[in-house]
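The file model-v3.txt comes next; it holds compact mmCIF, N, CA, C and O atoms.
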```txt
# COMPACT_ATOMS: atom_id res chain seq x y z
N MET A 1 88.02 109.21 75.62
CA MET A 1 87.77 108.44 76.83
C MET A 1 89.04 108.43 77.69
O MET A 1 90.14 108.24 77.18
N PRO A 2 88.91 108.62 79.01
CA PRO A 2 90.10 108.66 79.86
C PRO A 2 90.75 107.29 80.01
O PRO A 2 90.12 106.26 79.75
N LYS A 3 92.00 107.32 80.42
CA LYS A 3 92.71 106.07 80.64
C LYS A 3 92.11 105.34 81.85
O LYS A 3 91.60 105.97 82.77
N MET A 4 92.19 104.01 81.82
CA MET A 4 91.73 103.21 82.95
C MET A 4 92.79 103.22 84.04
O MET A 4 93.98 103.31 83.76
N LYS A 5 92.36 103.13 85.28
CA LYS A 5 93.30 103.10 86.39
C LYS A 5 93.66 101.65 86.73
O LYS A 5 92.80 100.78 86.73
N THR A 6 94.92 101.44 87.03
CA THR A 6 95.39 100.15 87.49
C THR A 6 95.07 100.00 88.96
O THR A 6 95.25 100.95 89.72
N ASN A 7 94.59 98.84 89.36
CA ASN A 7 94.37 98.56 90.78
C ASN A 7 95.73 98.29 91.40
O ASN A 7 96.40 97.31 91.09
N ARG A 8 96.17 99.18 92.27
CA ARG A 8 97.53 99.12 92.80
C ARG A 8 97.75 97.90 93.70
O ARG A 8 98.85 97.36 93.77
N GLY A 9 96.72 97.46 94.39
CA GLY A 9 96.84 96.27 95.22
C GLY A 9 97.09 95.04 94.36
O GLY A 9 97.93 94.20 94.69
N ALA A 10 96.39 94.93 93.25
CA ALA A 10 96.58 93.80 92.34
C ALA A 10 97.93 93.88 91.63
O ALA A 10 98.57 92.86 91.39
N ALA A 11 98.38 95.09 91.33
CA ALA A 11 99.67 95.27 90.65
C ALA A 11 100.82 94.76 91.50
O ALA A 11 101.82 94.28 90.98
N LYS A 12 100.69 94.88 92.83
CA LYS A 12 101.74 94.41 93.73
C LYS A 12 101.71 92.90 93.91
O LYS A 12 102.72 92.30 94.26
N ARG A 13 100.55 92.29 93.67
CA ARG A 13 100.40 90.86 93.93
C ARG A 13 100.58 89.98 92.70
O ARG A 13 100.87 88.79 92.84
N PHE A 14 100.38 90.52 91.52
CA PHE A 14 100.43 89.73 90.29
C PHE A 14 101.39 90.32 89.28
O PHE A 14 101.47 91.54 89.14
N LYS A 15 102.10 89.45 88.56
CA LYS A 15 102.98 89.87 87.47
C LYS A 15 102.65 88.99 86.27
O LYS A 15 102.29 87.82 86.42
N SER A 16 102.82 89.53 85.08
CA SER A 16 102.59 88.71 83.89
C SER A 16 103.92 88.13 83.42
O SER A 16 104.97 88.75 83.54
N THR A 17 103.86 86.91 82.90
CA THR A 17 105.05 86.25 82.37
C THR A 17 105.20 86.61 80.90
O THR A 17 104.31 87.22 80.30
N ALA A 18 106.32 86.20 80.31
CA ALA A 18 106.56 86.49 78.90
C ALA A 18 105.54 85.79 78.01
O ALA A 18 105.21 86.28 76.93
N GLY A 19 105.02 84.66 78.47
CA GLY A 19 104.03 83.91 77.70
C GLY A 19 102.61 84.40 77.88
O GLY A 19 101.68 83.80 77.37
N GLY A 20 102.42 85.46 78.67
CA GLY A 20 101.09 86.02 78.87
C GLY A 20 100.33 85.41 80.02
O GLY A 20 99.16 85.74 80.24
N LYS A 21 100.95 84.51 80.77
CA LYS A 21 100.30 83.93 81.94
C LYS A 21 100.47 84.86 83.13
O LYS A 21 101.24 85.82 83.07
N VAL A 22 99.74 84.60 84.20
CA VAL A 22 99.79 85.46 85.37
C VAL A 22 100.46 84.71 86.52
O VAL A 22 100.07 83.60 86.87
N LYS A 23 101.48 85.34 87.09
CA LYS A 23 102.25 84.75 88.18
C LYS A 23 101.76 85.36 89.48
O LYS A 23 101.50 86.55 89.57
N ARG A 24 101.67 84.51 90.52
CA ARG A 24 101.24 84.98 91.84
C ARG A 24 102.08 84.32 92.90
O ARG A 24 102.73 83.30 92.66
N SER A 25 102.09 84.91 94.10
CA SER A 25 102.80 84.28 95.21
C SER A 25 101.85 83.33 95.92
O SER A 25 100.63 83.45 95.81
N ARG A 26 102.40 82.40 96.65
CA ARG A 26 101.59 81.38 97.33
C ARG A 26 101.15 81.86 98.70
O ARG A 26 101.84 82.63 99.38
N ALA A 27 100.02 81.36 99.14
CA ALA A 27 99.48 81.67 100.45
C ALA A 27 100.08 80.74 101.51
O ALA A 27 100.79 79.78 101.17
N PHE A 28 99.80 81.01 102.77
CA PHE A 28 100.18 80.19 103.92
C PHE A 28 101.68 80.18 104.19
O PHE A 28 102.19 79.22 104.77
N ALA A 29 102.40 81.23 103.83
CA ALA A 29 103.85 81.25 104.04
C ALA A 29 104.29 82.36 105.00
O ALA A 29 105.46 82.68 105.07
N ARG A 30 103.37 82.94 105.77
CA ARG A 30 103.70 84.13 106.56
C ARG A 30 103.91 83.86 108.04
O ARG A 30 104.80 84.42 108.65
N HIS A 31 103.08 83.02 108.66
CA HIS A 31 103.23 82.79 110.10
C HIS A 31 102.81 81.36 110.43
O HIS A 31 102.36 80.62 109.56
N ILE A 32 103.02 80.96 111.68
CA ILE A 32 102.82 79.58 112.16
C ILE A 32 103.65 78.63 111.30
O ILE A 32 103.17 77.60 110.81
N LEU A 33 104.91 78.97 111.10
CA LEU A 33 105.78 78.19 110.22
C LEU A 33 106.42 76.99 110.93
O LEU A 33 106.94 76.10 110.27
N THR A 34 106.36 76.97 112.25
CA THR A 34 106.99 75.86 112.97
C THR A 34 106.25 74.55 112.75
O THR A 34 106.84 73.48 112.80
N SER A 35 104.96 74.62 112.49
CA SER A 35 104.18 73.40 112.29
C SER A 35 104.24 72.90 110.85
O SER A 35 103.70 71.84 110.55
N LYS A 36 104.86 73.65 109.96
CA LYS A 36 104.97 73.25 108.56
C LYS A 36 106.34 72.64 108.30
O LYS A 36 107.34 73.10 108.85
N SER A 37 106.37 71.64 107.44
CA SER A 37 107.64 70.97 107.16
C SER A 37 108.53 71.86 106.30
O SER A 37 108.05 72.77 105.61
N THR A 38 109.82 71.58 106.33
CA THR A 38 110.79 72.35 105.55
C THR A 38 110.49 72.22 104.07
O THR A 38 110.58 73.20 103.32
N LYS A 39 110.11 71.03 103.64
CA LYS A 39 109.79 70.80 102.23
C LYS A 39 108.59 71.64 101.80
O LYS A 39 108.58 72.22 100.71
N ARG A 40 107.59 71.70 102.67
CA ARG A 40 106.39 72.49 102.37
C ARG A 40 106.71 73.98 102.29
O ARG A 40 106.27 74.68 101.37
N LYS A 41 107.52 74.46 103.23
CA LYS A 41 107.89 75.88 103.25
C LYS A 41 108.74 76.25 102.03
O LYS A 41 108.59 77.33 101.47
N ARG A 42 109.60 75.34 101.62
CA ARG A 42 110.43 75.57 100.43
C ARG A 42 109.56 75.67 99.18
O ARG A 42 109.79 76.51 98.31
N GLY A 43 108.52 74.85 99.10
CA GLY A 43 107.60 74.91 97.97
C GLY A 43 106.78 76.18 97.94
O GLY A 43 106.41 76.67 96.87
N LEU A 44 106.51 76.73 99.11
CA LEU A 44 105.73 77.97 99.19
C LEU A 44 106.52 79.18 98.70
O LEU A 44 105.93 80.21 98.40
N ARG A 45 107.84 79.07 98.63
CA ARG A 45 108.65 80.18 98.12
C ARG A 45 108.49 80.36 96.62
O ARG A 45 108.65 81.46 96.11
N ARG A 46 108.23 79.27 95.93
CA ARG A 46 108.15 79.33 94.46
C ARG A 46 106.84 79.97 94.02
O ARG A 46 105.79 79.70 94.60
N PRO A 47 106.87 80.80 92.98
CA PRO A 47 105.63 81.41 92.51
C PRO A 47 104.73 80.38 91.84
O PRO A 47 105.19 79.33 91.38
N ALA A 48 103.46 80.70 91.80
CA ALA A 48 102.47 79.83 91.17
C ALA A 48 101.79 80.59 90.05
O ALA A 48 101.91 81.81 89.93
N GLU A 49 101.08 79.87 89.21
CA GLU A 49 100.33 80.48 88.12
C GLU A 49 98.90 80.72 88.61
O GLU A 49 98.31 79.86 89.26
N ALA A 50 98.36 81.88 88.31
CA ALA A 50 97.00 82.20 88.71
C ALA A 50 96.02 81.32 87.94
O ALA A 50 96.27 80.96 86.79
N ALA A 51 94.92 80.96 88.58
CA ALA A 51 93.92 80.10 87.95
C ALA A 51 93.32 80.80 86.74
O ALA A 51 93.10 82.02 86.74
N SER A 52 93.06 80.02 85.70
CA SER A 52 92.53 80.60 84.46
C SER A 52 91.15 81.23 84.68
O SER A 52 90.75 82.14 83.97
N ALA A 53 90.41 80.74 85.68
CA ALA A 53 89.08 81.29 85.98
C ALA A 53 89.18 82.73 86.49
O ALA A 53 88.23 83.51 86.35
N ASN A 54 90.32 83.10 87.06
CA ASN A 54 90.48 84.44 87.63
C ASN A 54 91.17 85.43 86.70
O ASN A 54 91.21 86.62 87.00
N VAL A 55 91.69 84.95 85.58
CA VAL A 55 92.47 85.82 84.70
C VAL A 55 91.58 86.91 84.07
O VAL A 55 92.02 88.04 83.90
N GLY A 56 90.34 86.59 83.78
CA GLY A 56 89.42 87.58 83.21
C GLY A 56 89.21 88.76 84.13
O GLY A 56 89.18 89.92 83.71
N ALA A 57 89.08 88.49 85.42
CA ALA A 57 88.91 89.57 86.41
C ALA A 57 90.20 90.37 86.54
O ALA A 57 90.16 91.60 86.73
N LEU A 58 91.34 89.69 86.43
CA LEU A 58 92.62 90.39 86.55
C LEU A 58 92.87 91.32 85.36
O LEU A 58 93.55 92.33 85.51
N LYS A 59 92.34 90.98 84.21
CA LYS A 59 92.49 91.86 83.03
C LYS A 59 91.89 93.23 83.31
O LYS A 59 92.44 94.25 82.89
N LYS A 60 90.76 93.26 84.01
CA LYS A 60 90.10 94.52 84.31
C LYS A 60 90.86 95.31 85.38
O LYS A 60 90.89 96.53 85.35
N LEU A 61 91.47 94.59 86.33
CA LEU A 61 92.21 95.27 87.40
C LEU A 61 93.56 95.79 86.91
O LEU A 61 94.07 96.77 87.44
N LEU A 62 94.15 95.09 85.93
CA LEU A 62 95.49 95.44 85.44
C LEU A 62 95.44 95.67 83.92
O LEU A 62 95.92 94.85 83.15
N PRO A 63 94.86 96.78 83.49
CA PRO A 63 94.61 96.96 82.06
C PRO A 63 95.86 97.11 81.19
O PRO A 63 95.84 96.76 80.03
N TYR A 64 96.99 97.59 81.75
CA TYR A 64 98.18 97.86 80.92
C TYR A 64 99.35 96.98 81.29
O TYR A 64 100.50 97.36 81.11
N HIS A 65 99.08 95.78 81.78
CA HIS A 65 100.14 94.93 82.27
C HIS A 65 100.37 93.68 81.42
O HIS A 65 100.99 92.73 81.89
N GLY A 66 99.88 93.63 80.23
CA GLY A 66 100.18 92.55 79.30
C GLY A 66 99.53 91.23 79.62
O GLY A 66 100.04 90.19 79.23
N ILE A 67 98.41 91.25 80.31
CA ILE A 67 97.71 90.00 80.61
C ILE A 67 96.74 89.73 79.48
O ILE A 67 95.92 90.56 79.13
N GLU A 68 96.87 88.53 78.90
CA GLU A 68 96.03 88.20 77.73
C GLU A 68 94.95 87.20 78.10
O GLU A 68 95.13 86.31 78.84
```
I'd like the structure from this file rewritten - as structure tokens, please.
Amino acid sequence: MPKMKTNRGAAKRFKSTAGGKVKRSRAFARHILTSKSTKRKRGLRRPAEAASANVGALKKLLPYHGIE
């Protein structure tokens, strides 16, 4: 059976942590930043953990990336 292909768009957006969780970047940090507070923008810089409901779908998109 041939190897599965990694979805390159998902590979750029998600990384797996050492504990097997999935790390993602936060939304709403690209434009219209003048109306957002400094505290809010600072929080958007920090990565977030992907929802557990979506991890099953990510396993199929990223077969060789250590997502459990």
Give me the box for region 62-66 of chain A as AutoDock Vina command-line options, namely the centre and edge lengths in Å to one decimal of a box along x, y and z that holds every listed atom plus 6 Å on each side.
```
--center_x 97.6 --center_y 94.0 --center_z 82.6 --size_x 18.8 --size_y 19.7 --size_z 18.7
```
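Reported to one decimal place, the separation of atom O of Leu44 (chain A) from atom C of Ser16 (chain A) is 17.1 Å.
Distance-wise, atom N of Lys5 (chain A) and atom N of Lys59 (chain A) end up 12.2 Å apart.
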**Asked** Distance atom N of Pro63 (chain A)-atom O of Pro47 (chain A), one decimal place?
**Response** 21.8 Å
**Request:** Please determine the residues with any atom at most 8 Å from (95.3, 102.5, 80.3) (coordinates as given in the file, with all atoms listed in the file counting) and report them as number ranges by chain.
**Result:** A: 2-6, 62-65
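Residue nearest Ser25 (chain A) within the list A:Val55, A:Arg8, A:Arg40, A:Arg46: A:Arg46 [criterion: smallest interatomic distance, all atoms listed in the file].
Here the DSSP assignment of helix (DSSP H, G or I), based on backbone atoms, applies within chain A to Arg8, Gly9, Ala10, Ala11, Lys12, Arg13, Thr38, Lys39, Arg40, Lys41, Arg42, Gly43, Leu44, Arg45, Ser52, Ala53, Asn54, Val55, Gly56, Ala57, Leu58, Lys59, Lys60 and Leu61 of chain A.
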Since we have the selection now, will you write its residues out, keeping N, CA, C and O atoms, as an mmCIF file, in the coordinates of the input?
```
data_model
loop_
_atom_site.group_PDB
_atom_site.id
_atom_site.type_symbol
_atom_site.label_atom_id
_atom_site.label_comp_id
_atom_site.auth_asym_id
_atom_site.auth_seq_id
_atom_site.Cartn_x
_atom_site.Cartn_y
_atom_site.Cartn_z
ATOM 1 N N ARG A 8 96.170 99.180 92.270
ATOM 2 C CA ARG A 8 97.530 99.120 92.800
ATOM 3 C C ARG A 8 97.750 97.900 93.700
ATOM 4 O O ARG A 8 98.850 97.360 93.770
ATOM 5 N N GLY A 9 96.720 97.460 94.390
ATOM 6 C CA GLY A 9 96.840 96.270 95.220
ATOM 7 C C GLY A 9 97.090 95.040 94.360
ATOM 8 O O GLY A 9 97.930 94.200 94.690
ATOM 9 N N ALA A 10 96.390 94.930 93.250
ATOM 10 C CA ALA A 10 96.580 93.800 92.340
ATOM 11 C C ALA A 10 97.930 93.880 91.630
ATOM 12 O O ALA A 10 98.570 92.860 91.390
ATOM 13 N N ALA A 11 98.380 95.090 91.330
ATOM 14 C CA ALA A 11 99.670 95.270 90.650
ATOM 15 C C ALA A 11 100.820 94.760 91.500
ATOM 16 O O ALA A 11 101.820 94.280 90.980
ATOM 17 N N LYS A 12 100.690 94.880 92.830
ATOM 18 C CA LYS A 12 101.740 94.410 93.730
ATOM 19 C C LYS A 12 101.710 92.900 93.910
ATOM 20 O O LYS A 12 102.720 92.300 94.260
ATOM 21 N N ARG A 13 100.550 92.290 93.670
ATOM 22 C CA ARG A 13 100.400 90.860 93.930
ATOM 23 C C ARG A 13 100.580 89.980 92.700
ATOM 24 O O ARG A 13 100.870 88.790 92.840
ATOM 25 N N THR A 38 109.820 71.580 106.330
ATOM 26 C CA THR A 38 110.790 72.350 105.550
ATOM 27 C C THR A 38 110.490 72.220 104.070
ATOM 28 O O THR A 38 110.580 73.200 103.320
ATOM 29 N N LYS A 39 110.110 71.030 103.640
ATOM 30 C CA LYS A 39 109.790 70.800 102.230
ATOM 31 C C LYS A 39 108.590 71.640 101.800
ATOM 32 O O LYS A 39 108.580 72.220 100.710
ATOM 33 N N ARG A 40 107.590 71.700 102.670
ATOM 34 C CA ARG A 40 106.390 72.490 102.370
ATOM 35 C C ARG A 40 106.710 73.980 102.290
ATOM 36 O O ARG A 40 106.270 74.680 101.370
ATOM 37 N N LYS A 41 107.520 74.460 103.230
ATOM 38 C CA LYS A 41 107.890 75.880 103.250
ATOM 39 C C LYS A 41 108.740 76.250 102.030
ATOM 40 O O LYS A 41 108.590 77.330 101.470
ATOM 41 N N ARG A 42 109.600 75.340 101.620
ATOM 42 C CA ARG A 42 110.430 75.570 100.430
ATOM 43 C C ARG A 42 109.560 75.670 99.180
ATOM 44 O O ARG A 42 109.790 76.510 98.310
ATOM 45 N N GLY A 43 108.520 74.850 99.100
ATOM 46 C CA GLY A 43 107.600 74.910 97.970
ATOM 47 C C GLY A 43 106.780 76.180 97.940
ATOM 48 O O GLY A 43 106.410 76.670 96.870
ATOM 49 N N LEU A 44 106.510 76.730 99.110
ATOM 50 C CA LEU A 44 105.730 77.970 99.190
ATOM 51 C C LEU A 44 106.520 79.180 98.700
ATOM 52 O O LEU A 44 105.930 80.210 98.400
ATOM 53 N N ARG A 45 107.840 79.070 98.630
ATOM 54 C CA ARG A 45 108.650 80.180 98.120
ATOM 55 C C ARG A 45 108.490 80.360 96.620
ATOM 56 O O ARG A 45 108.650 81.460 96.110
ATOM 57 N N SER A 52 93.060 80.020 85.700
ATOM 58 C CA SER A 52 92.530 80.600 84.460
ATOM 59 C C SER A 52 91.150 81.230 84.680
ATOM 60 O O SER A 52 90.750 82.140 83.970
ATOM 61 N N ALA A 53 90.410 80.740 85.680
ATOM 62 C CA ALA A 53 89.080 81.290 85.980
ATOM 63 C C ALA A 53 89.180 82.730 86.490
ATOM 64 O O ALA A 53 88.230 83.510 86.350
ATOM 65 N N ASN A 54 90.320 83.100 87.060
ATOM 66 C CA ASN A 54 90.480 84.440 87.630
ATOM 67 C C ASN A 54 91.170 85.430 86.700
ATOM 68 O O ASN A 54 91.210 86.620 87.000
ATOM 69 N N VAL A 55 91.690 84.950 85.580
ATOM 70 C CA VAL A 55 92.470 85.820 84.700
ATOM 71 C C VAL A 55 91.580 86.910 84.070
ATOM 72 O O VAL A 55 92.020 88.040 83.900
ATOM 73 N N GLY A 56 90.340 86.590 83.780
ATOM 74 C CA GLY A 56 89.420 87.580 83.210
ATOM 75 C C GLY A 56 89.210 88.760 84.130
ATOM 76 O O GLY A 56 89.180 89.920 83.710
ATOM 77 N N ALA A 57 89.080 88.490 85.420
ATOM 78 C CA ALA A 57 88.910 89.570 86.410
ATOM 79 C C ALA A 57 90.200 90.370 86.540
ATOM 80 O O ALA A 57 90.160 91.600 86.730
ATOM 81 N N LEU A 58 91.340 89.690 86.430
ATOM 82 C CA LEU A 58 92.620 90.390 86.550
ATOM 83 C C LEU A 58 92.870 91.320 85.360
ATOM 84 O O LEU A 58 93.550 92.330 85.510
ATOM 85 N N LYS A 59 92.340 90.980 84.210
ATOM 86 C CA LYS A 59 92.490 91.860 83.030
ATOM 87 C C LYS A 59 91.890 93.230 83.310
ATOM 88 O O LYS A 59 92.440 94.250 82.890
ATOM 89 N N LYS A 60 90.760 93.260 84.010
ATOM 90 C CA LYS A 60 90.100 94.520 84.310
ATOM 91 C C LYS A 60 90.860 95.310 85.380
ATOM 92 O O LYS A 60 90.890 96.530 85.350
ATOM 93 N N LEU A 61 91.470 94.590 86.330
ATOM 94 C CA LEU A 61 92.210 95.270 87.400
ATOM 95 C C LEU A 61 93.560 95.790 86.910
ATOM 96 O O LEU A 61 94.070 96.770 87.440
#
```
